[in-house]
Structure formats: C-alpha cells, structure tokens
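Visitor: Okay, so here is final-v6.csv, and as you'll see once you scroll down, it has CSV, C-alpha atoms.
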```
chain,number,residue,atom,x,y,z
A,275,MET,CA,99.5,132.2,37.4
A,276,GLN,CA,102.2,133.2,39.9
A,277,ARG,CA,99.7,133.4,42.7
A,278,PHE,CA,98.3,130.0,41.8
A,279,ILE,CA,101.8,128.5,41.9
A,280,LEU,CA,102.6,130.2,45.2
A,281,SER,CA,99.4,128.8,46.7
A,282,LEU,CA,100.1,125.3,45.6
A,283,ALA,CA,103.6,125.5,47.0
A,284,LEU,CA,102.4,126.7,50.4
A,285,ILE,CA,99.7,124.0,50.6
A,286,GLY,CA,102.3,121.3,49.8
A,287,PHE,CA,104.6,122.6,52.6
A,288,ILE,CA,101.8,122.8,55.1
A,289,ALA,CA,100.5,119.3,54.3
A,290,ASN,CA,104.1,117.9,54.6
A,291,ALA,CA,104.6,119.7,57.9
A,292,TYR,CA,101.3,118.4,59.3
A,293,GLY,CA,102.3,114.8,58.4
A,294,GLN,CA,105.7,115.1,60.2
A,295,VAL,CA,104.0,116.4,63.4
A,296,ASN,CA,101.8,113.3,63.5
A,297,ASN,CA,104.8,111.0,62.8
A,298,THR,CA,105.1,109.2,66.2
A,299,LYS,CA,107.1,106.1,67.3
A,300,THR,CA,105.7,103.2,69.3
A,301,GLN,CA,108.2,101.6,71.7
A,302,THR,CA,107.8,98.2,73.4
A,303,ILE,CA,109.4,98.1,76.9
A,304,VAL,CA,108.2,94.8,78.3
A,305,ASN,CA,106.6,91.6,77.0
A,306,GLU,CA,103.5,90.3,78.9
A,307,SER,CA,103.1,86.6,79.4
A,308,LYS,CA,99.6,85.1,79.2
A,309,ASP,CA,100.7,82.4,81.6
A,310,ARG,CA,99.0,83.2,84.9
A,311,TYR,CA,101.4,80.9,86.8
A,312,LYS,CA,104.5,82.8,85.6
A,313,VAL,CA,105.5,85.8,87.7
A,314,VAL,CA,108.6,87.8,88.3
A,315,THR,CA,110.3,87.3,91.7
A,316,ASN,CA,110.4,90.5,93.8
A,317,TYR,CA,113.2,92.1,95.7
A,318,TYR,CA,114.4,90.7,99.0
A,319,PHE,CA,112.8,93.4,101.1
A,320,ASP,CA,109.4,93.1,99.3
A,321,ASN,CA,106.4,91.0,100.6
A,322,TRP,CA,107.3,90.6,104.2
A,323,PHE,CA,104.5,90.2,106.7
A,324,LEU,CA,104.0,90.6,110.5
A,325,GLY,CA,101.1,88.9,112.3
A,326,ILE,CA,99.6,88.4,115.7
A,327,SER,CA,96.6,86.3,116.7
A,328,GLY,CA,94.8,84.8,119.7
A,329,GLY,CA,92.5,81.9,120.3
A,330,ALA,CA,92.4,78.6,122.1
A,331,GLN,CA,94.6,75.5,122.5
A,332,MET,CA,94.7,72.2,124.2
A,333,LEU,CA,97.1,69.4,125.2
A,334,ILE,CA,96.7,65.9,123.7
A,335,GLY,CA,98.0,64.0,126.7
A,336,ASP,CA,97.8,60.6,128.4
A,337,HIS,CA,94.3,61.2,130.0
A,338,ASP,CA,92.6,63.5,127.5
A,339,LYS,CA,89.7,61.0,127.0
A,340,GLN,CA,88.8,61.3,130.7
A,341,MET,CA,88.6,65.1,130.6
A,342,GLN,CA,85.7,67.0,129.1
A,343,PHE,CA,86.6,69.1,126.0
A,344,LYS,CA,85.7,72.4,127.4
A,345,ASP,CA,87.9,71.8,130.5
A,346,ARG,CA,90.9,71.1,128.3
A,347,LEU,CA,90.9,74.5,126.5
A,348,THR,CA,93.3,77.2,127.5
A,349,PRO,CA,94.1,80.6,125.9
A,350,ALA,CA,96.6,80.8,123.1
A,351,VAL,CA,98.7,83.6,121.6
A,352,ASN,CA,100.7,83.6,118.4
A,353,ALA,CA,103.1,86.1,116.8
A,354,TYR,CA,105.2,85.7,113.7
A,355,LEU,CA,107.3,87.3,111.0
A,356,GLY,CA,107.6,86.0,107.5
A,357,LYS,CA,108.2,86.6,103.8
A,358,TRP,CA,106.7,85.3,100.5
A,359,PHE,CA,109.4,84.5,98.0
A,360,THR,CA,106.8,83.7,95.3
A,361,PRO,CA,103.0,83.8,95.2
A,362,GLY,CA,103.1,80.1,96.2
A,363,ILE,CA,105.9,79.7,98.6
A,364,GLY,CA,106.8,81.6,101.8
A,365,VAL,CA,108.5,81.1,105.2
A,366,ARG,CA,107.9,82.4,108.7
A,367,VAL,CA,109.3,82.2,112.2
A,368,GLY,CA,107.1,82.8,115.2
A,369,TYR,CA,106.2,82.2,118.9
A,370,ASN,CA,103.1,80.6,120.4
A,371,GLY,CA,102.4,79.3,123.9
A,372,TYR,CA,101.0,80.4,127.3
A,373,LYS,CA,99.4,77.6,129.4
A,374,LEU,CA,98.3,74.0,128.9
A,375,LYS,CA,95.9,71.9,131.0
A,376,GLY,CA,95.3,68.2,131.4
A,377,LEU,CA,95.0,65.3,133.9
A,378,THR,CA,97.6,63.2,135.8
A,379,HIS,CA,97.5,60.2,138.1
A,380,ASN,CA,97.7,61.2,141.8
A,381,ASN,CA,100.1,58.4,142.5
A,382,TRP,CA,102.8,60.5,140.9
A,383,SER,CA,104.5,63.2,142.8
A,384,SER,CA,102.8,66.5,142.1
A,385,ALA,CA,106.1,68.2,141.6
A,386,LEU,CA,106.8,65.8,138.8
A,387,THR,CA,103.5,66.1,136.9
A,388,HIS,CA,102.5,69.8,137.4
A,389,SER,CA,99.5,68.7,139.4
A,390,THR,CA,97.3,71.4,141.1
A,391,GLY,CA,96.2,68.9,143.7
A,392,GLU,CA,92.6,69.2,142.6
A,393,ILE,CA,90.7,65.9,142.1
A,394,TYR,CA,89.0,65.8,138.7
A,395,GLN,CA,85.4,64.6,139.4
A,396,ASP,CA,84.1,64.3,135.8
A,397,VAL,CA,86.0,61.2,134.8
A,398,LYS,CA,84.0,58.8,132.6
A,399,ASN,CA,85.3,55.6,134.2
A,400,SER,CA,84.2,55.4,137.8
A,401,SER,CA,87.2,53.3,138.7
A,402,ASP,CA,89.4,56.3,138.0
A,403,LEU,CA,87.3,58.6,140.3
A,404,GLY,CA,89.7,60.1,142.8
A,405,LEU,CA,92.8,58.9,140.9
A,406,LEU,CA,93.1,61.8,138.4
A,407,GLU,CA,94.2,65.3,139.3
A,408,VAL,CA,94.2,68.5,137.3
A,409,GLN,CA,97.5,69.6,135.9
A,410,LYS,CA,98.5,73.0,134.6
A,411,PHE,CA,101.8,74.4,133.4
A,412,ASP,CA,103.3,77.3,131.4
A,413,PHE,CA,105.0,76.6,128.1
A,414,ASN,CA,106.7,78.4,125.3
A,415,HIS,CA,107.1,77.3,121.7
A,416,ILE,CA,109.2,78.9,118.9
A,417,ASN,CA,108.8,77.6,115.4
A,418,GLY,CA,109.8,78.0,111.7
A,419,ASP,CA,107.3,77.1,109.0
A,420,VAL,CA,107.3,76.7,105.2
A,421,LEU,CA,104.0,77.9,103.7
A,422,PHE,CA,102.5,76.7,100.4
A,423,ASN,CA,99.7,79.0,99.1
A,424,LEU,CA,97.5,76.4,97.3
A,425,THR,CA,95.2,79.0,95.9
A,426,ASN,CA,98.0,80.6,93.9
A,427,ILE,CA,99.7,77.3,93.1
A,428,LEU,CA,96.6,75.6,91.8
A,429,SER,CA,94.6,78.5,90.4
A,430,GLY,CA,97.3,80.9,89.3
A,431,TYR,CA,98.3,84.2,90.8
A,432,ARG,CA,95.6,87.0,90.8
A,433,GLU,CA,96.2,90.3,92.4
A,434,GLY,CA,93.6,91.4,94.9
A,435,ARG,CA,92.2,87.8,95.6
A,436,PHE,CA,90.1,87.9,98.7
A,437,TYR,CA,90.9,84.4,100.2
A,438,ASN,CA,94.0,82.3,100.2
A,439,ILE,CA,94.6,78.9,101.9
A,440,SER,CA,98.2,77.9,102.8
A,441,PRO,CA,99.0,74.5,104.4
A,442,TYR,CA,102.4,74.5,106.1
A,443,VAL,CA,105.0,72.3,107.7
A,444,GLY,CA,107.8,73.2,110.1
A,445,LEU,CA,110.0,72.4,113.0
A,446,GLY,CA,110.2,74.1,116.4
A,447,TRP,CA,111.4,73.9,120.0
A,448,ALA,CA,109.0,73.8,123.0
A,449,TRP,CA,109.8,74.0,126.7
A,450,VAL,CA,108.0,74.0,130.0
A,451,THR,CA,108.7,77.0,132.3
A,452,SER,CA,106.7,76.2,135.5
A,453,GLY,CA,107.2,73.5,138.1
A,454,GLU,CA,109.2,70.3,137.8
A,455,PRO,CA,110.3,68.7,135.6
A,456,LYS,CA,111.5,71.4,133.2
A,457,SER,CA,110.9,69.9,129.7
A,458,SER,CA,112.7,71.1,126.6
A,459,GLU,CA,112.1,69.3,123.4
A,460,PRO,CA,112.0,69.6,119.6
A,461,SER,CA,108.6,69.7,117.8
A,462,ILE,CA,107.2,68.9,114.4
A,463,ASN,CA,104.4,71.2,113.2
A,464,LEU,CA,101.6,70.9,110.7
A,465,GLY,CA,98.9,73.4,110.0
A,466,VAL,CA,96.6,75.4,107.7
A,467,TYR,CA,97.0,79.2,107.4
A,468,ASN,CA,93.9,81.0,106.0
A,469,SER,CA,94.0,84.7,105.0
A,470,PHE,CA,91.3,87.1,104.1
A,471,ARG,CA,92.2,90.3,102.3
A,472,LEU,CA,91.1,93.6,103.9
A,473,SER,CA,93.4,95.9,101.9
A,474,ASN,CA,96.8,96.0,100.2
A,475,ALA,CA,98.3,96.3,103.7
A,476,PHE,CA,96.2,94.2,106.0
A,477,ASN,CA,94.7,90.7,106.1
A,478,LEU,CA,92.6,88.8,108.6
A,479,THR,CA,94.0,85.3,109.4
A,480,LEU,CA,92.6,82.0,110.8
A,481,ASP,CA,95.4,79.6,111.8
A,482,PHE,CA,95.0,76.0,112.8
A,483,ARG,CA,98.2,74.4,114.1
A,484,GLY,CA,99.2,70.9,115.4
A,485,SER,CA,102.5,70.3,117.2
A,486,LEU,CA,104.0,66.9,118.0
A,487,VAL,CA,106.3,66.5,121.1
A,488,LYS,CA,107.6,63.6,123.1
A,489,ASP,CA,105.5,61.7,125.7
A,490,ASP,CA,107.2,63.1,128.7
A,491,PHE,CA,106.6,66.8,127.8
A,492,ASP,CA,103.9,67.1,130.5
A,493,GLY,CA,106.1,65.3,133.1
A,494,GLU,CA,104.2,62.0,133.0
A,495,LEU,CA,105.1,58.9,130.9
A,496,GLY,CA,102.0,57.1,129.7
A,497,GLY,CA,100.6,54.9,127.0
A,498,ARG,CA,101.3,57.4,124.2
A,499,LYS,CA,104.5,57.5,122.2
A,500,GLU,CA,104.1,61.2,121.7
A,501,GLU,CA,102.0,64.1,122.9
A,502,GLY,CA,100.5,66.9,121.0
A,503,ILE,CA,99.4,70.5,121.2
A,504,VAL,CA,96.6,71.7,118.9
A,505,SER,CA,95.4,75.3,118.5
A,506,GLY,CA,93.2,77.6,116.5
A,507,THR,CA,93.8,81.4,116.5
A,508,PHE,CA,92.2,84.4,114.8
A,509,GLY,CA,94.2,87.5,114.1
A,510,ILE,CA,95.5,90.2,111.7
A,511,VAL,CA,98.6,90.5,109.6
A,512,TYR,CA,100.4,93.6,108.3
A,513,ASN,CA,102.0,93.3,104.9
A,514,ILE,CA,105.3,95.1,104.9
A,515,ARG,CA,106.3,96.5,101.5
A,516,ASN,CA,103.5,94.5,99.9
A,517,LYS,CA,104.3,94.4,96.1
A,518,ALA,CA,102.2,92.9,93.4
A,519,TRP,CA,103.8,89.9,91.6
A,520,ASN,CA,104.3,91.4,88.1
A,521,LYS,CA,103.7,89.3,85.0
A,522,GLU,CA,106.0,89.7,82.0
A,523,ARG,CA,104.0,92.2,80.0
A,524,GLU,CA,103.9,94.6,77.1
A,525,ILE,CA,103.1,98.3,77.5
A,526,GLN,CA,103.0,100.6,74.5
A,527,VAL,CA,104.2,104.2,75.2
A,528,ILE,CA,103.8,107.0,72.8
A,529,SER,CA,106.9,109.2,72.4
A,530,TYR,CA,107.9,112.2,70.4
A,531,ASP,CA,111.1,112.7,68.4
A,532,GLU,CA,112.4,116.1,69.5
A,533,THR,CA,114.8,116.2,66.6
A,534,GLU,CA,112.0,116.0,64.0
A,535,LEU,CA,110.0,118.7,65.9
A,536,ASN,CA,113.0,121.1,65.8
A,537,ALA,CA,113.4,120.4,62.1
A,538,LEU,CA,109.8,121.1,61.5
A,539,ARG,CA,110.0,124.4,63.3
A,540,GLU,CA,113.0,125.4,61.1
A,541,ARG,CA,111.1,124.5,57.9
A,542,VAL,CA,108.0,126.5,59.0
A,543,ASN,CA,110.2,129.6,59.7
A,544,GLN,CA,111.9,129.1,56.3
A,545,LEU,CA,108.5,128.9,54.7
A,546,ALA,CA,107.5,132.2,56.3
A,547,ASN,CA,110.7,133.9,55.0
A,548,ASN,CA,110.1,132.5,51.5
A,549,ASN,CA,106.6,133.9,51.6
A,550,GLU,CA,107.9,137.4,52.4
A,551,ALA,CA,110.4,137.1,49.5
A,552,LEU,CA,107.7,136.1,47.0
A,553,LYS,CA,105.5,138.9,48.1
A,554,LYS,CA,108.3,141.4,47.4
A,555,GLN,CA,108.9,139.9,44.0
A,556,LEU,CA,105.3,140.3,43.1
A,557,GLU,CA,105.3,143.9,44.3
A,558,GLU,CA,108.3,144.6,42.1
A,559,ALA,CA,106.5,143.0,39.1
A,560,ALA,CA,103.9,145.7,39.6
A,561,SER,CA,101.2,143.2,40.2
A,562,SER,CA,97.9,144.9,40.8
A,563,THR,CA,96.7,142.4,43.4
A,564,ILE,CA,98.8,140.5,45.9
A,565,THR,CA,97.3,137.6,47.8
A,566,ASP,CA,98.4,137.7,51.4
A,567,VAL,CA,99.0,134.1,52.5
A,568,LYS,CA,99.1,133.6,56.3
A,569,ILE,CA,100.6,130.4,57.7
A,570,GLU,CA,99.1,129.1,60.9
A,571,ARG,CA,100.1,126.0,62.8
A,572,ASN,CA,97.0,124.0,63.3
A,573,VAL,CA,98.5,120.9,64.9
A,574,LEU,CA,96.3,118.4,66.7
A,575,LEU,CA,98.5,116.1,68.8
A,576,ALA,CA,98.1,112.4,69.0
A,577,PRO,CA,96.5,111.0,72.1
A,578,ILE,CA,98.8,110.1,75.1
A,579,LEU,CA,98.2,107.2,77.5
A,580,ILE,CA,99.5,107.3,81.1
A,581,THR,CA,99.0,104.2,83.3
A,582,PHE,CA,99.0,104.0,87.1
A,583,PRO,CA,99.6,101.2,89.7
A,584,ILE,CA,96.6,99.7,91.4
A,585,ASN,CA,94.8,102.0,93.8
A,586,LYS,CA,97.2,104.8,93.1
A,587,SER,CA,97.0,108.3,91.4
A,588,THR,CA,100.7,109.2,91.7
A,589,VAL,CA,102.3,110.3,88.5
A,590,SER,CA,105.6,108.5,87.8
A,591,ASN,CA,108.8,110.2,86.6
A,592,GLU,CA,108.6,108.3,83.4
A,593,ALA,CA,105.1,109.6,82.7
A,594,ARG,CA,106.3,113.2,83.5
A,595,VAL,CA,108.9,112.9,80.8
A,596,ASN,CA,106.3,112.1,78.2
A,597,LEU,CA,104.0,114.8,79.6
A,598,GLY,CA,106.8,117.3,79.3
A,599,PHE,CA,107.1,116.6,75.5
A,600,PHE,CA,103.3,116.8,75.2
A,601,ALA,CA,103.1,120.1,77.1
A,602,LYS,CA,105.8,121.7,74.9
A,603,ALA,CA,103.9,120.7,71.8
A,604,ILE,CA,100.6,122.1,73.2
A,605,LYS,CA,102.2,125.4,74.0
A,606,GLU,CA,103.8,125.7,70.6
A,607,GLY,CA,100.6,124.7,68.8
A,608,LYS,CA,97.4,126.6,68.2
A,609,SER,CA,96.1,128.3,71.3
A,610,ASN,CA,92.4,127.6,70.6
A,611,VAL,CA,92.8,123.8,70.6
A,612,VAL,CA,91.4,122.2,73.8
A,613,TYR,CA,92.6,118.9,75.1
A,614,ASN,CA,90.4,116.6,77.3
A,615,ILE,CA,92.0,114.7,80.2
A,616,SER,CA,90.0,111.5,80.8
A,617,GLY,CA,90.5,109.4,83.9
A,618,TYR,CA,89.7,105.6,84.2
A,619,ALA,CA,90.0,102.8,86.8
A,620,ASP,CA,90.0,99.0,86.6
A,621,LYS,CA,86.4,97.8,87.0
A,622,GLY,CA,87.6,94.4,88.3
A,623,THR,CA,89.3,96.0,91.4
A,624,GLY,CA,87.6,98.1,94.0
A,625,THR,CA,84.0,99.3,94.5
A,626,PRO,CA,82.2,101.6,92.1
A,627,ALA,CA,82.6,104.5,94.6
A,628,ILE,CA,86.3,103.9,95.0
A,629,ASN,CA,86.8,103.6,91.2
A,630,GLU,CA,84.8,106.9,90.6
A,631,ARG,CA,87.1,108.7,93.1
A,632,LEU,CA,90.2,107.1,91.8
A,633,SER,CA,89.5,107.9,88.1
A,634,ARG,CA,88.8,111.6,89.1
A,635,GLU,CA,92.0,111.9,91.1
A,636,ARG,CA,94.1,110.4,88.3
A,637,ALA,CA,92.7,112.9,85.8
A,638,GLU,CA,93.3,115.8,88.3
A,639,ALA,CA,96.9,114.6,88.9
A,640,ILE,CA,97.7,114.8,85.1
A,641,TYR,CA,96.0,118.2,84.9
A,642,ASN,CA,98.1,119.5,87.8
A,643,VAL,CA,101.3,118.3,86.2
A,644,LEU,CA,100.6,119.9,82.9
A,645,VAL,CA,99.4,123.2,84.4
A,646,ARG,CA,101.6,123.6,87.4
A,647,GLU,CA,104.8,121.9,86.3
A,648,PHE,CA,104.9,122.6,82.6
A,649,GLY,CA,102.9,125.8,82.3
A,650,VAL,CA,100.1,124.6,79.9
A,651,PRO,CA,97.3,127.2,79.9
A,652,ALA,CA,94.4,126.0,82.0
A,653,ASN,CA,91.9,127.1,79.4
A,654,GLN,CA,93.3,124.5,76.9
A,655,LEU,CA,92.4,121.6,79.3
A,656,THR,CA,89.2,120.0,80.4
A,657,ILE,CA,88.8,117.1,82.8
A,658,SER,CA,86.4,114.1,82.8
A,659,ASN,CA,86.4,110.8,84.6
A,660,TYR,CA,84.6,107.5,83.9
A,661,GLY,CA,85.0,105.4,87.1
A,662,GLY,CA,85.7,101.7,86.7
A,663,VAL,CA,85.8,100.4,83.1
A,664,ASP,CA,86.2,97.0,81.5
A,665,ASN,CA,89.6,96.2,79.9
A,666,MET,CA,90.1,98.9,77.2
A,667,TYR,CA,93.3,97.6,75.6
A,668,TYR,CA,94.7,94.1,74.9
A,669,ASP,CA,92.4,92.5,77.5
A,670,ASP,CA,94.8,93.9,80.2
A,671,PRO,CA,93.2,95.5,83.3
A,672,ARG,CA,96.5,97.3,84.0
A,673,LEU,CA,96.0,99.5,80.9
A,674,SER,CA,92.5,100.5,82.3
A,675,ARG,CA,94.1,102.2,85.3
A,676,ALA,CA,94.9,105.1,83.1
A,677,VAL,CA,94.5,108.7,81.9
A,678,ILE,CA,94.1,109.5,78.2
A,679,VAL,CA,94.8,113.1,77.0
A,680,LEU,CA,93.1,113.7,73.6
A,681,GLY,CA,92.7,116.8,71.5
A,682,ASN,CA,89.1,117.9,70.8
```
Take the structure in the file and write it out as structure tokens.
Guide:
Amino acid sequence: MQRFILSLALIGFIANAYGQVNNTKTQTIVNESKDRYKVVTNYYFDNWFLGISGGAQMLIGDHDKQMQFKDRLTPAVNAYLGKWFTPGIGVRVGYNGYKLKGLTHNNWSSALTHSTGEIYQDVKNSSDLGLLEVQKFDFNHINGDVLFNLTNILSGYREGRFYNISPYVGLGWAWVTSGEPKSSEPSINLGVYNSFRLSNAFNLTLDFRGSLVKDDFDGELGGRKEEGIVSGTFGIVYNIRNKAWNKEREIQVISYDETELNALRERVNQLANNNEALKKQLEEAASSTITDVKIERNVLLAPILITFPINKSTVSNEARVNLGFFAKAIKEGKSNVVYNISGYADKGTGTPAINERLSRERAEAIYNVLVREFGVPANQLTISNYGGVDNMYYDDPRLSRAVIVLGN
C-alpha cells in the first residue's frame, strides 16, 4: 500500500511538472493592417535613389517643321538624386543637357542665332531653299521634380513589384553656354518616369521629359510663344538604403518564463529528495521489497518560429534572445530528444532556385547559432529545408520567410 501511494504521488508531481514546462505565453508586438494602401513612413535616410541615363533629345523651335526628324536629334545625358517619402510620392533634383540642333533664318546674324553657316537643303517649302541655316548650341538644364507613383497610388503598395510608372511635374533653369546670345531662363517640366526592378538595389529606367522655355531661348524670335525640349533616356538607378514600406502587422512570438522554469527545477530537486526520504522510511519499516522510482525529465519543448527579412538569412538579436532560452531548455532536457530545424522561403518572391538556397541558408543560420553560440549538442539537431512555400500562417508571406524548430 505504501508503494502504491508513493507511485501515485510521483506520477502526480511529474504530470504537474510536465504541464508547467509546456505553459508558454504568446505576445503580440504589432498589429497588421489589411489595407494595402496604408504603410508606415520610413526614416529620413531611407529610400534615396541615384540615377544616370542617356538617350536622345530635340529642340521644338521656330522651324522644326522644315527639318527632318532624324536631323533634329542630338545626344542627351541625365543624372539625378531623389528620395521616396511614401510609396506614392517622391522628389528628385537633377541635371540634363548637352547639345541642341535646329534651323534659323540666314537673314539673322549668325552670332545671334548660333548658326553654323551651313545651308539646310532638305526644306519642304522650296521658297525657303537657301534661307534656312543649321544652328547648334550647347545648353545645360538643372531641374527639380515631384514624382507620383501611379502604380502604388492606384493598385496599392506591393513589395518586389517589377514595373512602376511615375508621372512627374517640376521646375528648372536652362541656359545656353555657346555663342551669342547667352540665354538663361526658367523652365516648366512634365514627364513620365518608368522603372523596372532588377533587384532590391538596382532598377532600369525609361524617362520621357518635356521642358518648356521662352521663345528666344535659341536666340531667334519667331512665331511661337514658347519653345520646348523633349527627350527620352534609358538608364539605371541605384537605390540607397532601400527599405520596404512596412504595413502595420501582427507577429506572434513564443517566449518562455524563466521564473517558472527555475521554480520547476526546484520542485524536481525537492521531489528527488523526498523520494530518498521515503526509501529510507521503507527500509526502516523492514519492508522486504523496495521499489526504486527513478525520475527523468522527458520534456519536449514547444515549437519556435523565427522570421527573416526578404532575401535575408541573417539572425536578428531579438531572435537570438528567444534561441538562447530555447537552447538552455534543450541542454537541461533529455539528451536523446532530437530537434529538427526546418527552413522556408516565400514562394511569391524570388525564383525556385533562389528560394531553395535561401531556405537552406536560414536553417543553417539557426543551427550555427544554437551550436556555436549556445552550445547545443550537434547530435540533437537535424536540418531540413523546403524552398519557397505558400503563406503558412495568417495569409501573410512574411511569416513564410522563416525557420521552425520542432522536437521529434
């Protein structure tokens, strides 16, 4: 009867201890919004961009109808620095220019119209034959633009989108640097800025710009009230400190109460001491048979989820804190329990080959932290990876860029 009572007491203590070990707390750190148009504004030094492009441009002048289109084209260069304040609104300042080419009447002084002295023979109106000369001049143009990303404004922000179209408006200052007269005038600018994503750091760009200046910009007053410069350039842009526009979101993090774990250790030690005391009492009672009850800690830890930024396998300090708790519990638990480290990637981002590599690197990163930094025995860990997967939790692709550590 005494042995039966002792066994029931030990079973009750062990069941209670096992229940306390699996008592975990869930902590909500952020609330995610389902509104795709609502994002969090980034810091001042985030989302700057630096671009350069080249292409062709032409002058819309007084005699452009008499000059063939191919003869009016000149090379164009464009360089700029800008920043996106939200996914839909950005600003930039830049430079474009080089040379412009057109026609001018030869009854004007060449010094006043930037004429080369060359008679243009391909005039459509024969009455103008011999009256129009080719003009060329160097010019510079600095400008400031406000860009409106219509893709994000109309369709909502989506990280990793391949194509974005951004109309823009702006003001500038243009001046002629060759010959006489030296023009220097304000400009009004309209255009369309197209970008094609290559990676998180680089985009290809296609920029169409139109600039409006006064009629005397080329040195000749004619029938137009204003003159214009149109250009199309193709180039590349580097995204400086490119940061994703975070939505307000919820992330569930599993944490462990160190106070409860310490209390559990003390109760197990007390249980072991009580066991020895009961054994001695039975011996003193001259019992013929004593049942030796051995207490073992057979604790299987709850799974732990660690998430990663897009296209990254770097373990954050916050994740290391949770991994430290997890590693301590593994080392103090039963040594024959094996835990599997499973790596995943977001199927909606990247190619299958990239996601396969990324899921493997994430699992290996968690393995290295547990073994090298926290001393978990390597024989208690296995690694597997599953490449890109569909949304595993809460229909949120960010929670699929993850590693799950689970006891077998």
Visitor: Give me the residues near range 622-627 of chain A as a PDB file with C-alpha atoms, in the coordinates of the input, where near means some atom within 10 Å (using only C-alpha atoms) and where sequence neighbours in that chain fewer than 2 positions away do not count.
Guide:
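Wrote it out as selection_19.pdb, contents follow:
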```pdb
ATOM      1  CA  GLU A 433      96.200  90.300  92.400  1.00  0.00           C
ATOM      2  CA  GLY A 434      93.600  91.400  94.900  1.00  0.00           C
ATOM      3  CA  ARG A 435      92.200  87.800  95.600  1.00  0.00           C
ATOM      4  CA  ILE A 584      96.600  99.700  91.400  1.00  0.00           C
ATOM      5  CA  ASN A 585      94.800 102.000  93.800  1.00  0.00           C
ATOM      6  CA  ALA A 619      90.000 102.800  86.800  1.00  0.00           C
ATOM      7  CA  ASP A 620      90.000  99.000  86.600  1.00  0.00           C
ATOM      8  CA  ASN A 629      86.800 103.600  91.200  1.00  0.00           C
ATOM      9  CA  GLU A 630      84.800 106.900  90.600  1.00  0.00           C
ATOM     10  CA  ARG A 631      87.100 108.700  93.100  1.00  0.00           C
ATOM     11  CA  LEU A 632      90.200 107.100  91.800  1.00  0.00           C
ATOM     12  CA  GLY A 661      85.000 105.400  87.100  1.00  0.00           C
ATOM     13  CA  GLY A 662      85.700 101.700  86.700  1.00  0.00           C
ATOM     14  CA  VAL A 663      85.800 100.400  83.100  1.00  0.00           C
ATOM     15  CA  ASP A 664      86.200  97.000  81.500  1.00  0.00           C
ATOM     16  CA  ASN A 665      89.600  96.200  79.900  1.00  0.00           C
ATOM     17  CA  PRO A 671      93.200  95.500  83.300  1.00  0.00           C
ATOM     18  CA  SER A 674      92.500 100.500  82.300  1.00  0.00           C
ATOM     19  CA  ARG A 675      94.100 102.200  85.300  1.00  0.00           C
TER      20      ARG A 675
END
```
Visitor: For the atom pair CA of Leu405 in chain A and CA of Gly335 in chain A, what is the interatomic distance in Å to one decimal place?
Guide: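 Answer for the CA of Leu405 in chain A to CA of Gly335 in chain A separation: 16.0 Å.
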Visitor: If I take CA of Glu501 in chain A and CA of Ile326 in chain A, how far is one from the other in Å, to one decimal?
Guide: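 Value for the CA of Glu501 in chain A-CA of Ile326 in chain A distance: 25.5 Å.
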Visitor: Have a look at CA of Gln331 in chain A and CA of Phe470 in chain A and let me know their distance in Å, one decimal.
Guide: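 Pair CA of Gln331 in chain A / CA of Phe470 in chain A returns 22.0 Å.
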Visitor: Calculated over all atoms listed in the file, which of the candidates A:Arg636, A:Arg346, A:Arg515, A:Lys456 has the smallest distance to Leu377 in chain A?
Guide: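 When distances to Leu377 in chain A are compared using all atoms listed in the file, the smallest one comes from A:Arg346.
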